[in-house]
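For reference, the structure discussed in these notes is given below.
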Amino acid sequence: MAIDYTFTAKKIQSLETAYVLFSASTRLPFVECDPEDFYDQVYLYTEEEKAKNALKEYAEKQMPLITVKIDQKQMRVFLTSLHLIGVNLIVFDDGSDAIRIPLDEIAAMDPKLREKKDMPLINASLQLTTIYFLQELRRPNQNKADQARGQQLQELEEEMMANMVRSNFILMLDASNVQKEPNSDNPNSGIQIPCIKAPNGDMFQPIFSDVREFQKFQQNPNSQMKMAAVPFRSLLGMLPPNAKGFVLNPSGVNLILSREYLMAIAKRFED
C-alpha cells in the first residue's frame with residue numbers, strides 16, 4: 001500500500017527553523033547510506049538539542065559533524081540542492097519521532113537538471129561517491145592498519161574514480177582582461193586561468209562538478225569568470241605548467257587531484 005507523505009511534506013516545507021547535520025569533512029550535508037534499503041539519506045531536526053545529541057553519537061564514531069540552522073526562507077533551496085548531491089531520502093525528527101520520507105515527496109528536481117548537456121548542470125553520482133569517500137577518509141584517529149577499513153576505503157575510492165572518468169567538469173576562465181572575443185584570427189584573447197595557492201605555495205586550478213559548485217565559488221554576480229566544459233580525458237591537457245593539479249569543488253569537498261593521481265586514474269580506467 002502506498003504511503004501518503006502529504007502531511008509530513010507540508011510540515012517540513014512550513015518549518016520556521018530546522019537543524020541539519022553537516023559533515024565537517026566535506027562542508028556539505030552529512031549523507032549516510034541506510035544498511036537495509038540503501039537509501040542515501042540526510043538528517044533534519046526541529047529541535048536543536050536533538051541535533052546536538054546526534055552530533056555526540058557520531059563523535060563517538062570519530063565522525064566530525066556540525067549542525068547548520070536552516071530557516072524557512074532557506075528551506076526550499078536547501079531541499080532542492082540535495083538532488084545535486086544524490087540524496088533521495090530525509091530522516092525527519094519532529095521532536096517526538098523520526099520519520100523517513102523520500103526527497104521527491106518534499107521537493108521535486110527541476111526537470112532542466114536532467115537534460116543531457118555538455119555543461120554539467122548536475123553531477124549527482126560524482127558528488128555522492130566523493131562525499132562517501134571523503135567522509136570516511138577524513139575521519140580522525142583511525143587505525144591505518146585496519147584492513148577492513150582499508151578495503152572499504154578502496155571500494156569507495158574506486159566508485160568515485162569511475163564516476164570521475166565518466167564526467168564532464170567545469171573549468172573557470174578569467175575573462176576580465178579580454179578585449180575581443182576569441183576566434184581563429186585572435187586566439188590569444190587575454191583569457192586567463194585562475195589558480196588557488198595552497199598553504200605550502202603549490203598552485204592548483206579549480207574545477208567543478210556542476211554549475212552550482214561553480215556559482216558557490218565565484219560568489220560575485222558581476223564577476224567576469226566564464227565556464228568551459230571539459231571531459232575527464234582532456235583535463236590534464238588544460239592544466240597550466242605551474243599548477244600541481246586541480247582542486248575539485250573548492251567551496252565544497254575541496255579535493256586535491258594531482259597530476260600523478262589523474263594519470264593513475266586514466267591508466268586504471270583506460271579503454
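So you can find residues: chains in the C-alpha cells are A, B, ... in the order shown, residues in each start at 1, and ligands are numbered from 1 in order.
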
Within 10 Å of stretch 208-221 of chain A, which residues of stretch 149-168 of chain A come that close, and what is the closest atom pair and distance in Å for each? Count only C-alpha atoms and give it as a tab-separated table.
```
residue	atom	partner	partner_atom	distance
A:Met164	CA	A:Ser209	CA	9.1
A:Ser167	CA	A:Ser209	CA	8.0
A:Asn168	CA	A:Ser209	CA	7.4
```

Go ahead and write the residues just picked, C-alpha atoms, as a PDB file, in the first residue's frame.
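The new file part38.pdb reads:
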```
ATOM      1  CA  MET A 164      35.190  10.920 -12.496  1.00  0.00           C
ATOM      2  CA  SER A 167      32.136  13.060 -16.031  1.00  0.00           C
ATOM      3  CA  ASN A 168      32.400  16.409 -17.708  1.00  0.00           C
TER       4      ASN A 168
END
```

For this session: Name all residues at most 9 Å from stretch 38-42 of chain A (count only C-alpha atoms; drop same-chain ones fewer than 4 positions away) and give them as a list of chain:residue names.
Result: A:Val20, A:Leu21, A:Phe22, A:Pro29, A:Phe30, A:Val31, A:Glu32, A:Cys33, A:Asp34, A:Leu82, A:Gly86, A:Val87, A:Asn88, A:Leu89, A:Ile90, A:Val91, A:Phe92, A:Arg100, A:Pro102, A:Leu103, A:Leu128

Could you write those residues out with N, CA and C atoms, as an mmCIF file, in the first residue's frame?
```
data_model
loop_
_atom_site.group_PDB
_atom_site.id
_atom_site.type_symbol
_atom_site.label_atom_id
_atom_site.label_comp_id
_atom_site.auth_asym_id
_atom_site.auth_seq_id
_atom_site.Cartn_x
_atom_site.Cartn_y
_atom_site.Cartn_z
ATOM 1 N N VAL A 20 20.172 20.802 10.470
ATOM 2 C CA VAL A 20 20.658 19.742 9.584
ATOM 3 C C VAL A 20 22.059 19.339 10.011
ATOM 4 N N LEU A 21 22.336 18.033 9.942
ATOM 5 C CA LEU A 21 23.686 17.551 10.208
ATOM 6 C C LEU A 21 24.541 17.758 8.967
ATOM 7 N N PHE A 22 25.648 18.486 9.128
ATOM 8 C CA PHE A 22 26.607 18.702 8.049
ATOM 9 C C PHE A 22 27.912 18.003 8.399
ATOM 10 N N PRO A 29 25.937 18.614 3.470
ATOM 11 C CA PRO A 29 25.126 17.788 4.377
ATOM 12 C C PRO A 29 25.736 16.404 4.572
ATOM 13 N N PHE A 30 25.703 15.926 5.799
ATOM 14 C CA PHE A 30 26.190 14.579 6.087
ATOM 15 C C PHE A 30 25.235 13.575 5.455
ATOM 16 N N VAL A 31 25.774 12.665 4.658
ATOM 17 C CA VAL A 31 24.968 11.665 3.964
ATOM 18 C C VAL A 31 25.334 10.290 4.492
ATOM 19 N N GLU A 32 24.309 9.491 4.743
ATOM 20 C CA GLU A 32 24.522 8.136 5.236
ATOM 21 C C GLU A 32 23.684 7.174 4.416
ATOM 22 N N CYS A 33 24.273 6.035 4.072
ATOM 23 C CA CYS A 33 23.562 5.013 3.309
ATOM 24 C C CYS A 33 22.889 4.053 4.282
ATOM 25 N N ASP A 34 21.570 3.941 4.167
ATOM 26 C CA ASP A 34 20.851 3.026 5.048
ATOM 27 C C ASP A 34 21.281 1.592 4.744
ATOM 28 N N LEU A 82 19.648 19.168 -2.400
ATOM 29 C CA LEU A 82 20.001 17.787 -2.056
ATOM 30 C C LEU A 82 19.982 16.876 -3.279
ATOM 31 N N GLY A 86 22.864 13.782 -4.854
ATOM 32 C CA GLY A 86 22.428 12.386 -4.931
ATOM 33 C C GLY A 86 21.600 11.885 -3.769
ATOM 34 N N VAL A 87 21.165 12.765 -2.875
ATOM 35 C CA VAL A 87 20.334 12.341 -1.743
ATOM 36 C C VAL A 87 18.937 11.976 -2.236
ATOM 37 N N ASN A 88 18.353 10.919 -1.670
ATOM 38 C CA ASN A 88 16.985 10.564 -2.061
ATOM 39 C C ASN A 88 16.039 10.337 -0.894
ATOM 40 N N LEU A 89 16.509 10.619 0.346
ATOM 41 C CA LEU A 89 15.625 10.414 1.493
ATOM 42 C C LEU A 89 15.999 11.363 2.627
ATOM 43 N N ILE A 90 14.975 11.865 3.332
ATOM 44 C CA ILE A 90 15.156 12.700 4.514
ATOM 45 C C ILE A 90 14.726 11.900 5.739
ATOM 46 N N VAL A 91 15.569 11.878 6.764
ATOM 47 C CA VAL A 91 15.163 11.350 8.066
ATOM 48 C C VAL A 91 14.778 12.573 8.897
ATOM 49 N N PHE A 92 13.478 12.736 9.129
ATOM 50 C CA PHE A 92 12.936 13.938 9.765
ATOM 51 C C PHE A 92 12.531 13.635 11.197
ATOM 52 N N ARG A 100 10.902 8.784 7.991
ATOM 53 C CA ARG A 100 11.690 8.702 6.764
ATOM 54 C C ARG A 100 10.778 9.054 5.591
ATOM 55 N N PRO A 102 10.808 10.173 1.325
ATOM 56 C CA PRO A 102 11.585 10.382 0.089
ATOM 57 C C PRO A 102 11.695 11.861 -0.257
ATOM 58 N N LEU A 103 12.856 12.268 -0.719
ATOM 59 C CA LEU A 103 13.083 13.665 -1.064
ATOM 60 C C LEU A 103 12.103 14.153 -2.124
ATOM 61 N N LEU A 128 28.022 12.325 -4.893
ATOM 62 C CA LEU A 128 27.680 11.383 -3.830
ATOM 63 C C LEU A 128 28.842 10.446 -3.516
#
```

Exercise. Near A:Pro140, within 12 Å and counting only C-alpha atoms, which residues show up once chain neighbours fewer than 5 positions away are dropped, as a VMD selection string?
Worked result: chain A and resid 24 to 25 59 to 65 134 to 135

For this session: Would you mind listing what lies within 9 Å of A:Val253 as a PyMOL selection string, with only C-alpha atoms counted and same-chain residues fewer than 5 positions away left out?
Result: chain A and resi 25-28+127+130-131+134+248

Output the selection as a tab-separated table (two decimals), in the first residue's frame - C-alpha atoms for each residue.
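Now in result_16.tsv:
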```tsv
chain	number	residue	atom	x	y	z
A	25	SER	CA	34.95	16.89	6.19
A	26	THR	CA	33.05	17.99	3.09
A	27	ARG	CA	31.21	21.19	4.11
A	28	LEU	CA	28.08	19.54	2.71
A	127	GLN	CA	29.17	14.26	-5.83
A	130	THR	CA	33.09	11.70	-3.47
A	131	ILE	CA	31.14	12.58	-0.31
A	134	LEU	CA	35.92	11.74	1.92
A	248	LEU	CA	37.64	19.83	-7.17
```

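Nearest-residue note for A:Asp97: choosing from A:Lys50, A:Lys116, A:Lys56, A:Lys69, the minimum distance belongs to A:Lys50, counting only C-alpha atoms.
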
Exercise. Which value, in Å to one decimal, gives the distance between atom CA of A:Ala148 and atom CA of A:Phe269?
Worked result: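 Going from atom CA of A:Ala148 over to atom CA of A:Phe269 covers 24.4 Å.
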
Problem set entry | Surrounding residues of stretch 231-242 of chain A excluding itself and chain neighbours under 4 positions, 12 Å, only C-alpha atoms, as a VMD selection string | chain A and resid 117 to 120 161 to 173 192 to 197 201 to 209 246 to 248 257 to 267 269 to 271

Exercise. Quick one, how far is atom CA of A:Tyr43 from atom CA of A:Phe7?
Worked result: 18.3 Å

Exercise. What gap, in Å, lies between atom CA of A:Thr8 and atom CA of A:Met75?
Worked result: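 Calculated distance between atom CA of A:Thr8 and atom CA of A:Met75 is 14.3 Å.
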
Exercise. Skipping near chain neighbours, those fewer than 2 positions away, what residues fall within 9 Å of stretch 107-113 of chain A using only C-alpha atoms, listed as a ChimeraX atom specification?
Worked result: /A:9,13,76,79-81,83-84,103-105,115-116,120-122

Could the residues in this selection be written to a file with all heavy atoms, as a tab-separated table (two decimals), in the first residue's frame?
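New file again.tsv:
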```tsv
chain	number	residue	atom	x	y	z
A	9	ALA	N	5.28	16.24	4.45
A	9	ALA	CA	5.93	17.13	3.49
A	9	ALA	C	5.57	18.58	3.75
A	9	ALA	O	6.43	19.47	3.76
A	9	ALA	CB	5.55	16.74	2.07
A	13	GLN	N	8.03	21.71	4.84
A	13	GLN	CA	8.09	22.90	4.00
A	13	GLN	C	7.73	24.18	4.76
A	13	GLN	O	8.19	25.27	4.41
A	13	GLN	CB	7.15	22.73	2.80
A	13	GLN	CG	7.59	21.66	1.81
A	13	GLN	CD	6.48	21.22	0.88
A	13	GLN	OE1	5.32	21.59	1.06
A	13	GLN	NE2	6.83	20.44	-0.13
A	76	ARG	N	13.44	25.70	1.04
A	76	ARG	CA	13.18	25.17	-0.30
A	76	ARG	C	14.47	25.02	-1.10
A	76	ARG	O	14.69	24.00	-1.76
A	76	ARG	CB	12.19	26.08	-1.05
A	76	ARG	CG	11.82	25.54	-2.44
A	76	ARG	CD	10.75	26.38	-3.10
A	76	ARG	NE	10.38	25.83	-4.38
A	76	ARG	CZ	9.54	24.83	-4.56
A	76	ARG	NH1	8.99	24.24	-3.51
A	76	ARG	NH2	9.25	24.37	-5.76
A	79	LEU	N	16.43	22.00	0.32
A	79	LEU	CA	15.87	20.70	-0.06
A	79	LEU	C	16.13	20.41	-1.53
A	79	LEU	O	16.50	19.29	-1.90
A	79	LEU	CB	14.37	20.67	0.23
A	79	LEU	CG	13.96	20.70	1.70
A	79	LEU	CD1	12.45	20.89	1.84
A	79	LEU	CD2	14.40	19.43	2.42
A	80	THR	N	15.96	21.41	-2.38
A	80	THR	CA	16.20	21.22	-3.81
A	80	THR	C	17.67	20.89	-4.07
A	80	THR	O	17.99	20.08	-4.95
A	80	THR	CB	15.79	22.47	-4.59
A	80	THR	OG1	14.41	22.76	-4.34
A	80	THR	CG2	15.97	22.26	-6.09
A	81	SER	N	18.57	21.52	-3.30
A	81	SER	CA	20.01	21.30	-3.51
A	81	SER	C	20.43	19.87	-3.20
A	81	SER	O	21.47	19.41	-3.68
A	81	SER	CB	20.82	22.27	-2.65
A	81	SER	OG	20.76	21.93	-1.27
A	83	HIS	N	19.16	17.22	-4.27
A	83	HIS	CA	19.16	16.44	-5.52
A	83	HIS	C	20.53	16.49	-6.18
A	83	HIS	O	20.95	15.52	-6.84
A	83	HIS	CB	18.10	16.98	-6.48
A	83	HIS	CG	16.69	16.69	-6.09
A	83	HIS	ND1	16.16	15.42	-6.10
A	83	HIS	CD2	15.69	17.51	-5.66
A	83	HIS	CE1	14.89	15.47	-5.71
A	83	HIS	NE2	14.59	16.71	-5.44
A	84	LEU	N	21.24	17.61	-6.02
A	84	LEU	CA	22.53	17.80	-6.70
A	84	LEU	C	23.62	16.90	-6.13
A	84	LEU	O	24.64	16.67	-6.79
A	84	LEU	CB	22.96	19.26	-6.60
A	84	LEU	CG	22.00	20.30	-7.17
A	84	LEU	CD1	22.57	21.70	-6.98
A	84	LEU	CD2	21.72	20.04	-8.64
A	103	LEU	N	12.86	12.27	-0.72
A	103	LEU	CA	13.08	13.66	-1.06
A	103	LEU	C	12.10	14.15	-2.12
A	103	LEU	O	11.62	15.30	-2.06
A	103	LEU	CB	14.53	13.85	-1.55
A	103	LEU	CG	14.93	15.24	-2.01
A	103	LEU	CD1	14.79	16.26	-0.88
A	103	LEU	CD2	16.37	15.22	-2.53
A	104	ASP	N	11.79	13.31	-3.10
A	104	ASP	CA	10.86	13.70	-4.18
A	104	ASP	C	9.48	14.08	-3.66
A	104	ASP	O	8.74	14.80	-4.33
A	104	ASP	CB	10.72	12.58	-5.21
A	104	ASP	CG	11.94	12.46	-6.10
A	104	ASP	OD1	12.65	13.47	-6.26
A	104	ASP	OD2	12.17	11.37	-6.65
A	105	GLU	N	9.12	13.58	-2.48
A	105	GLU	CA	7.81	13.90	-1.91
A	105	GLU	C	7.79	15.31	-1.30
A	105	GLU	O	6.73	15.87	-1.05
A	105	GLU	CB	7.45	12.89	-0.82
A	105	GLU	CG	7.31	11.47	-1.30
A	105	GLU	CD	6.03	11.24	-2.11
A	105	GLU	OE1	5.12	12.09	-2.02
A	105	GLU	OE2	5.95	10.23	-2.83
A	115	GLU	N	18.44	17.27	-18.17
A	115	GLU	CA	18.77	17.37	-19.58
A	115	GLU	C	20.25	17.06	-19.82
A	115	GLU	O	21.11	17.47	-19.04
A	115	GLU	CB	18.45	18.77	-20.09
A	115	GLU	CG	16.95	19.11	-20.04
A	115	GLU	CD	16.67	20.54	-20.47
A	115	GLU	OE1	17.63	21.24	-20.85
A	115	GLU	OE2	15.50	20.94	-20.42
A	116	LYS	N	20.52	16.34	-20.87
A	116	LYS	CA	21.90	15.98	-21.22
A	116	LYS	C	22.57	17.15	-21.93
A	116	LYS	O	22.19	17.52	-23.03
A	116	LYS	CB	21.90	14.72	-22.11
A	116	LYS	CG	21.35	13.48	-21.45
A	116	LYS	CD	22.25	13.01	-20.31
A	116	LYS	CE	21.74	11.71	-19.71
A	116	LYS	NZ	22.58	11.25	-18.59
A	120	PRO	N	27.79	20.51	-17.31
A	120	PRO	CA	27.06	19.71	-16.32
A	120	PRO	C	26.24	20.57	-15.35
A	120	PRO	O	26.81	21.32	-14.55
A	120	PRO	CB	28.18	18.96	-15.58
A	120	PRO	CG	29.41	19.78	-15.79
A	120	PRO	CD	29.25	20.44	-17.12
A	121	LEU	N	24.93	20.49	-15.47
A	121	LEU	CA	24.05	21.17	-14.53
A	121	LEU	C	23.97	20.40	-13.21
A	121	LEU	O	23.73	20.97	-12.15
A	121	LEU	CB	22.65	21.32	-15.13
A	121	LEU	CG	22.56	22.10	-16.45
A	121	LEU	CD1	21.12	22.12	-16.94
A	121	LEU	CD2	23.08	23.52	-16.27
A	122	ILE	N	24.12	19.09	-13.31
A	122	ILE	CA	24.08	18.22	-12.14
A	122	ILE	C	25.07	17.08	-12.36
A	122	ILE	O	25.25	16.63	-13.50
A	122	ILE	CB	22.65	17.68	-11.91
A	122	ILE	CG1	22.58	16.85	-10.63
A	122	ILE	CG2	22.14	16.91	-13.10
A	122	ILE	CD1	21.16	16.46	-10.24
```

Problem set entry | Which of stretch 55-246 of chain A DSSP labels strand (DSSP E or B), written as a ChimeraX atom specification | /A:65-71,89-93,98-102,168-174,183,186,192,196-197,203-208,225-231,245-246

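Proximity of A:Glu16, A:Asp4, A:Glu136, A:Glu36 to A:Gln154, computed with only C-alpha atoms, is greatest for A:Glu136.
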